[in-house]
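Down below is the structure, laid out as structure tokens.
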Amino acid sequence: MTLLRVENLTASYGASQALFGVDFTLAEGEVLALMGRNGMGKTTTVKAICRMIPSQGGLHFAGQNLHHLPSFRAARFGLGLVPEGRRCFASLTVAENLIAAARPGHWTMARVTELLPRLGERTGQRAASLSGGEQQMLAIGRALMTNPRLLILDEATEGLAPLIRAEIWATIAQLKHDSGMSILVIDKSLRELGQVADSAVILARGKTVWSGAMEDLSADVSEAYIGV
């Protein structure tokens with residue numbers, strides 16, 4: 001069953017158009033990789049889906065037309081965002097960050113800290129005092145506390161130490177295999193994406209230029225649209 005359908009999505013920042021026709025679908029329980037070089041429209045696509053910027057085109061989630069919804073109502077339908085740059089509430093503790101986002105459902109603080117044990121060790125610590133990797137884990141935990149139907153991870157491993165990156169990729173794999181959660185993940189690491197993603201969409205200059213099963217992504221396509 002299709003959970004998210006994006007059709008001919010366009011979006012602008014003022015007079016500057018950023019998206020010129022993004023198309024893809026994401027099924028229930030699927031992990032979809034959204035890829036492309038920097039500046040190709042990946043984060044803008046996420047912002048449009050989450051209703052953080054206005055857009056045009058088809059945008060349906062769980063049978064609902066998202067276009068006329070404010071961001072907080074789109075989130076209540078089940079969109080959980082781990083934003084680029086983490087954006088934790090710096091002055092709040094780990095526990096307070098998690099509680100602030102909590103909605104009823106499977107994911108409770110106990111389950112989140114079981115999945116991410118570092119958070120359980122630091123529940124009383126202010127987010128500002130955490131390392132970058134720990135803040136990223138907190139951002140993931142906070143999104144899970146909203147009990148989303150779709151978890152969106154925007155560059156969740158960017159700039160982190162290899163050990164922390166490995167922990168986050170292991171967490172994504174565990175979410176996929178243990179919970180069957182639908183996940184949209186933006187990242188540049190083909191090796192790690194290949195281990196967790198079922199399918200992929202590649203953007204170039206604000207348009208979808210390739211989509212298909214992750215296993216069908218050829219070296220030629222990767223080099224043309226993802227490689228440096």
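Letters A, B, ... go to the chains of the structure tokens in the order shown; residues in each chain start at 1; ligands are counted from 1 in the same order.
Residues in contact with A:Ser199 at 8 Å, where only C-alpha atoms are counted and same-chain residues fewer than 5 positions away are skipped, are listed as A:Glu30, A:Val31, A:Leu32, A:Ala33, A:Ser211, A:Gly212, A:Ala213, A:Met214, A:Glu215.
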Next on the checklist: At a cut-off of 12 Å, using only C-alpha atoms, what residues contact A:Ser71? Leave out same-chain residues fewer than 4 positions from it and give the result as JSON, numbers by chain.
Outcome noted: {"A": [46, 47, 48, 49, 50, 51, 52, 53, 54, 66, 67, 75, 76, 77, 78, 79, 80, 81]}
Just to be explicit: take each residue in the selection above, keep N, CA and C atoms, and write the result as a PDB file, in the first residue's frame.
ATOM      1  N   VAL A  46      12.016  17.553   1.301  1.00  0.00           N
ATOM      2  CA  VAL A  46      11.586  17.203   2.658  1.00  0.00           C
ATOM      3  C   VAL A  46      10.786  18.349   3.276  1.00  0.00           C
ATOM      4  N   LYS A  47      11.249  19.571   3.113  1.00  0.00           N
ATOM      5  CA  LYS A  47      10.527  20.724   3.662  1.00  0.00           C
ATOM      6  C   LYS A  47       9.133  20.847   3.054  1.00  0.00           C
ATOM      7  N   ALA A  48       9.014  20.552   1.759  1.00  0.00           N
ATOM      8  CA  ALA A  48       7.703  20.607   1.117  1.00  0.00           C
ATOM      9  C   ALA A  48       6.787  19.511   1.655  1.00  0.00           C
ATOM     10  N   ILE A  49       7.312  18.308   1.806  1.00  0.00           N
ATOM     11  CA  ILE A  49       6.515  17.205   2.343  1.00  0.00           C
ATOM     12  C   ILE A  49       6.017  17.534   3.743  1.00  0.00           C
ATOM     13  N   CYS A  50       6.879  18.107   4.557  1.00  0.00           N
ATOM     14  CA  CYS A  50       6.527  18.427   5.948  1.00  0.00           C
ATOM     15  C   CYS A  50       5.797  19.752   6.074  1.00  0.00           C
ATOM     16  N   ARG A  51       5.511  20.396   4.962  1.00  0.00           N
ATOM     17  CA  ARG A  51       4.749  21.648   4.887  1.00  0.00           C
ATOM     18  C   ARG A  51       5.465  22.808   5.560  1.00  0.00           C
ATOM     19  N   MET A  52       6.777  22.812   5.458  1.00  0.00           N
ATOM     20  CA  MET A  52       7.573  23.905   5.987  1.00  0.00           C
ATOM     21  C   MET A  52       7.768  25.001   4.950  1.00  0.00           C
ATOM     22  N   ILE A  53       7.507  24.680   3.685  1.00  0.00           N
ATOM     23  CA  ILE A  53       7.511  25.675   2.614  1.00  0.00           C
ATOM     24  C   ILE A  53       6.333  25.377   1.696  1.00  0.00           C
ATOM     25  N   PRO A  54       5.786  26.391   1.018  1.00  0.00           N
ATOM     26  CA  PRO A  54       4.686  26.136   0.069  1.00  0.00           C
ATOM     27  C   PRO A  54       5.194  25.408  -1.173  1.00  0.00           C
ATOM     28  N   LEU A  66      -1.771  16.846   1.496  1.00  0.00           N
ATOM     29  CA  LEU A  66      -1.028  17.650   2.461  1.00  0.00           C
ATOM     30  C   LEU A  66      -0.946  19.122   2.104  1.00  0.00           C
ATOM     31  N   HIS A  67      -1.262  19.494   0.886  1.00  0.00           N
ATOM     32  CA  HIS A  67      -0.933  20.828   0.397  1.00  0.00           C
ATOM     33  C   HIS A  67      -1.539  21.968   1.203  1.00  0.00           C
ATOM     34  N   ALA A  75       2.366  16.903  10.661  1.00  0.00           N
ATOM     35  CA  ALA A  75       3.084  16.059  11.627  1.00  0.00           C
ATOM     36  C   ALA A  75       2.124  15.140  12.361  1.00  0.00           C
ATOM     37  N   ARG A  76       0.933  15.635  12.693  1.00  0.00           N
ATOM     38  CA  ARG A  76      -0.035  14.820  13.419  1.00  0.00           C
ATOM     39  C   ARG A  76      -0.560  13.659  12.585  1.00  0.00           C
ATOM     40  N   PHE A  77      -0.485  13.769  11.260  1.00  0.00           N
ATOM     41  CA  PHE A  77      -0.868  12.648  10.414  1.00  0.00           C
ATOM     42  C   PHE A  77       0.164  11.519  10.461  1.00  0.00           C
ATOM     43  N   GLY A  78       1.366  11.834  10.978  1.00  0.00           N
ATOM     44  CA  GLY A  78       2.356  10.777  11.140  1.00  0.00           C
ATOM     45  C   GLY A  78       3.671  11.003  10.437  1.00  0.00           C
ATOM     46  N   LEU A  79       4.045  12.273  10.211  1.00  0.00           N
ATOM     47  CA  LEU A  79       5.351  12.591   9.637  1.00  0.00           C
ATOM     48  C   LEU A  79       6.322  12.928  10.767  1.00  0.00           C
ATOM     49  N   GLY A  80       7.360  12.134  10.922  1.00  0.00           N
ATOM     50  CA  GLY A  80       8.362  12.378  11.954  1.00  0.00           C
ATOM     51  C   GLY A  80       9.674  12.783  11.315  1.00  0.00           C
ATOM     52  N   LEU A  81      10.135  14.001  11.573  1.00  0.00           N
ATOM     53  CA  LEU A  81      11.323  14.539  10.900  1.00  0.00           C
ATOM     54  C   LEU A  81      12.518  14.605  11.831  1.00  0.00           C
TER      55      LEU A  81
END
Item to check | Given only C-alpha atoms as the counted atoms, nearest of A:Val112, A:Arg205, A:Phe89, A:Tyr225 to A:Thr10 | outcome: A:Arg205
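For the atom pair formed by atom CA of A:Ile99 and atom CA of A:Leu115, the distance is 16.2 Å, given to one decimal.
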Item to check | Contact residues around A:Ala128 with only C-alpha atoms at 9 Å, ignoring same-chain residues under 3 positions, as a PyMOL selection string | outcome: chain A and resi 88-93+125+131+135
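Look at A:Ala156: the protein and nucleic acid residues within 10 Å of it, using only C-alpha atoms and passing over chain neighbours fewer than 2 places away, are Val82, Pro83, Glu84, Gly85, Arg86, Gly133, Gln136, Met137, Ala139, Ile140, Ile152, Leu153, Asp154, Glu158, Gly159, Leu160, Arg165, Ile168, Trp169, Val185, Ile186 and Asp187 of chain A.
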Please save C-alpha atoms of the selected residues as an mmCIF file, in the first residue's frame.
data_model
loop_
_atom_site.group_PDB
_atom_site.id
_atom_site.type_symbol
_atom_site.label_atom_id
_atom_site.label_comp_id
_atom_site.auth_asym_id
_atom_site.auth_seq_id
_atom_site.Cartn_x
_atom_site.Cartn_y
_atom_site.Cartn_z
ATOM 1 C CA VAL A 82 14.943 14.276 11.970
ATOM 2 C CA PRO A 83 16.068 17.604 10.478
ATOM 3 C CA GLU A 84 19.425 18.476 9.005
ATOM 4 C CA GLY A 85 21.482 20.075 11.760
ATOM 5 C CA ARG A 86 19.673 18.189 14.603
ATOM 6 C CA GLY A 133 26.587 12.278 17.701
ATOM 7 C CA GLN A 136 21.824 13.313 16.516
ATOM 8 C CA MET A 137 20.607 10.308 18.482
ATOM 9 C CA ALA A 139 16.939 14.089 17.338
ATOM 10 C CA ILE A 140 16.106 10.546 16.181
ATOM 11 C CA ILE A 152 12.331 11.168 7.629
ATOM 12 C CA LEU A 153 16.080 11.410 8.241
ATOM 13 C CA ASP A 154 17.818 14.344 6.562
ATOM 14 C CA GLU A 158 26.745 13.953 8.167
ATOM 15 C CA GLY A 159 29.888 15.175 9.903
ATOM 16 C CA LEU A 160 29.897 12.472 12.578
ATOM 17 C CA ARG A 165 27.857 6.846 12.082
ATOM 18 C CA ILE A 168 23.125 5.353 13.642
ATOM 19 C CA TRP A 169 23.137 3.065 10.597
ATOM 20 C CA VAL A 185 16.514 8.687 4.353
ATOM 21 C CA ILE A 186 18.758 11.306 2.759
ATOM 22 C CA ASP A 187 22.437 10.431 2.775
#
Checklist outcome for this item: Between A:Glu167, A:Glu155, A:Arg191, A:Glu121, smallest distance to A:Thr43 by only C-alpha atoms belongs to A:Glu155
Checklist entry - Which distance in Å separates atom CA of A:Ala102 and atom CA of A:Gly141, to one decimal? => result 10.0 Å
Next on the checklist: Can you tell me, as a PyMOL selection string, which residues in chain A count as alpha helix (DSSP H) by DSSP?
Outcome noted: chain A and resi 42-49+71-76+94-101+109-115+117-120+132-145+162-174+190-196+219-225
Checklist entry - Do you know which residues are at most 7 Å from A:Glu28 counting only C-alpha atoms, after dropping those on the same chain fewer than 6 positions away, and could you put them as a ChimeraX atom specification? => result /A:1-3,182
Would you mind exporting the chosen residues as a PDB file, in the first residue's frame, restricted to N, CA and C atoms?
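File written: again06.pdb
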ATOM      1  N   MET A   1       0.845  -1.196   0.000  1.00  0.00           N
ATOM      2  CA  MET A   1       0.000   0.000   0.000  1.00  0.00           C
ATOM      3  C   MET A   1       0.886   1.253   0.000  1.00  0.00           C
ATOM      4  N   THR A   2       0.564   2.201  -0.871  1.00  0.00           N
ATOM      5  CA  THR A   2       1.331   3.439  -0.949  1.00  0.00           C
ATOM      6  C   THR A   2       1.034   4.319   0.253  1.00  0.00           C
ATOM      7  N   LEU A   3       2.089   4.763   0.943  1.00  0.00           N
ATOM      8  CA  LEU A   3       1.933   5.658   2.084  1.00  0.00           C
ATOM      9  C   LEU A   3       2.124   7.118   1.663  1.00  0.00           C
ATOM     10  N   SER A 182       8.192   2.715   7.996  1.00  0.00           N
ATOM     11  CA  SER A 182       8.492   3.372   6.727  1.00  0.00           C
ATOM     12  C   SER A 182       9.520   4.476   6.994  1.00  0.00           C
TER      13      SER A 182
END
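Nearest residue to A:Ile226, choosing from A:Glu192, A:Asn38, A:Asn147, A:Ser16 and counting only C-alpha atoms: A:Asn38.
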Item to check | Residue among A:Ala200, A:Leu175, A:Val94, A:Ala143 lying closest to A:Ser129, counting only C-alpha atoms | outcome: A:Val94
Checklist entry - Using the chain letters and numbers from this document, which residues of stretch 43-116 of chain A does DSSP assign to strand (DSSP E), as a VMD selection string? => result chain A and resid 55 to 61 64 to 65 79 to 82
Written selection (N, CA and C atoms) as a PDB file, in the first residue's frame:
ATOM      1  N   SER A  55       4.302  24.646  -1.787  1.00  0.00           N
ATOM      2  CA  SER A  55       4.682  23.896  -2.983  1.00  0.00           C
ATOM      3  C   SER A  55       3.444  23.660  -3.831  1.00  0.00           C
ATOM      4  N   GLN A  56       3.675  23.159  -5.026  1.00  0.00           N
ATOM      5  CA  GLN A  56       2.591  22.804  -5.940  1.00  0.00           C
ATOM      6  C   GLN A  56       2.838  21.394  -6.450  1.00  0.00           C
ATOM      7  N   GLY A  57       1.771  20.769  -6.944  1.00  0.00           N
ATOM      8  CA  GLY A  57       1.867  19.404  -7.441  1.00  0.00           C
ATOM      9  C   GLY A  57       1.137  18.448  -6.518  1.00  0.00           C
ATOM     10  N   GLY A  58       1.226  17.164  -6.820  1.00  0.00           N
ATOM     11  CA  GLY A  58       0.567  16.149  -6.010  1.00  0.00           C
ATOM     12  C   GLY A  58       1.395  15.790  -4.787  1.00  0.00           C
ATOM     13  N   LEU A  59       0.745  15.822  -3.613  1.00  0.00           N
ATOM     14  CA  LEU A  59       1.441  15.500  -2.373  1.00  0.00           C
ATOM     15  C   LEU A  59       0.430  14.854  -1.418  1.00  0.00           C
ATOM     16  N   HIS A  60       0.441  13.510  -1.405  1.00  0.00           N
ATOM     17  CA  HIS A  60      -0.539  12.778  -0.612  1.00  0.00           C
ATOM     18  C   HIS A  60       0.165  11.833   0.362  1.00  0.00           C
ATOM     19  N   PHE A  61      -0.300  11.859   1.597  1.00  0.00           N
ATOM     20  CA  PHE A  61       0.252  11.011   2.645  1.00  0.00           C
ATOM     21  C   PHE A  61      -0.894  10.310   3.366  1.00  0.00           C
ATOM     22  N   GLN A  64      -4.249  11.450   2.492  1.00  0.00           N
ATOM     23  CA  GLN A  64      -4.580  12.849   2.759  1.00  0.00           C
ATOM     24  C   GLN A  64      -3.782  13.769   1.842  1.00  0.00           C
ATOM     25  N   ASN A  65      -4.445  14.791   1.326  1.00  0.00           N
ATOM     26  CA  ASN A  65      -3.769  15.825   0.555  1.00  0.00           C
ATOM     27  C   ASN A  65      -3.094  16.774   1.538  1.00  0.00           C
ATOM     28  N   LEU A  79       4.045  12.273  10.211  1.00  0.00           N
ATOM     29  CA  LEU A  79       5.351  12.591   9.637  1.00  0.00           C
ATOM     30  C   LEU A  79       6.322  12.928  10.767  1.00  0.00           C
ATOM     31  N   GLY A  80       7.360  12.134  10.922  1.00  0.00           N
ATOM     32  CA  GLY A  80       8.362  12.378  11.954  1.00  0.00           C
ATOM     33  C   GLY A  80       9.674  12.783  11.315  1.00  0.00           C
ATOM     34  N   LEU A  81      10.135  14.001  11.573  1.00  0.00           N
ATOM     35  CA  LEU A  81      11.323  14.539  10.900  1.00  0.00           C
ATOM     36  C   LEU A  81      12.518  14.605  11.831  1.00  0.00           C
ATOM     37  N   VAL A  82      13.640  14.060  11.354  1.00  0.00           N
ATOM     38  CA  VAL A  82      14.943  14.276  11.970  1.00  0.00           C
ATOM     39  C   VAL A  82      15.651  15.277  11.066  1.00  0.00           C
TER      40      VAL A  82
END
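Counting only C-alpha atoms and comparing A:Met145, A:Glu96, A:Ser218, A:Ile172, the residue that lies closest to A:Met109 is A:Met145.
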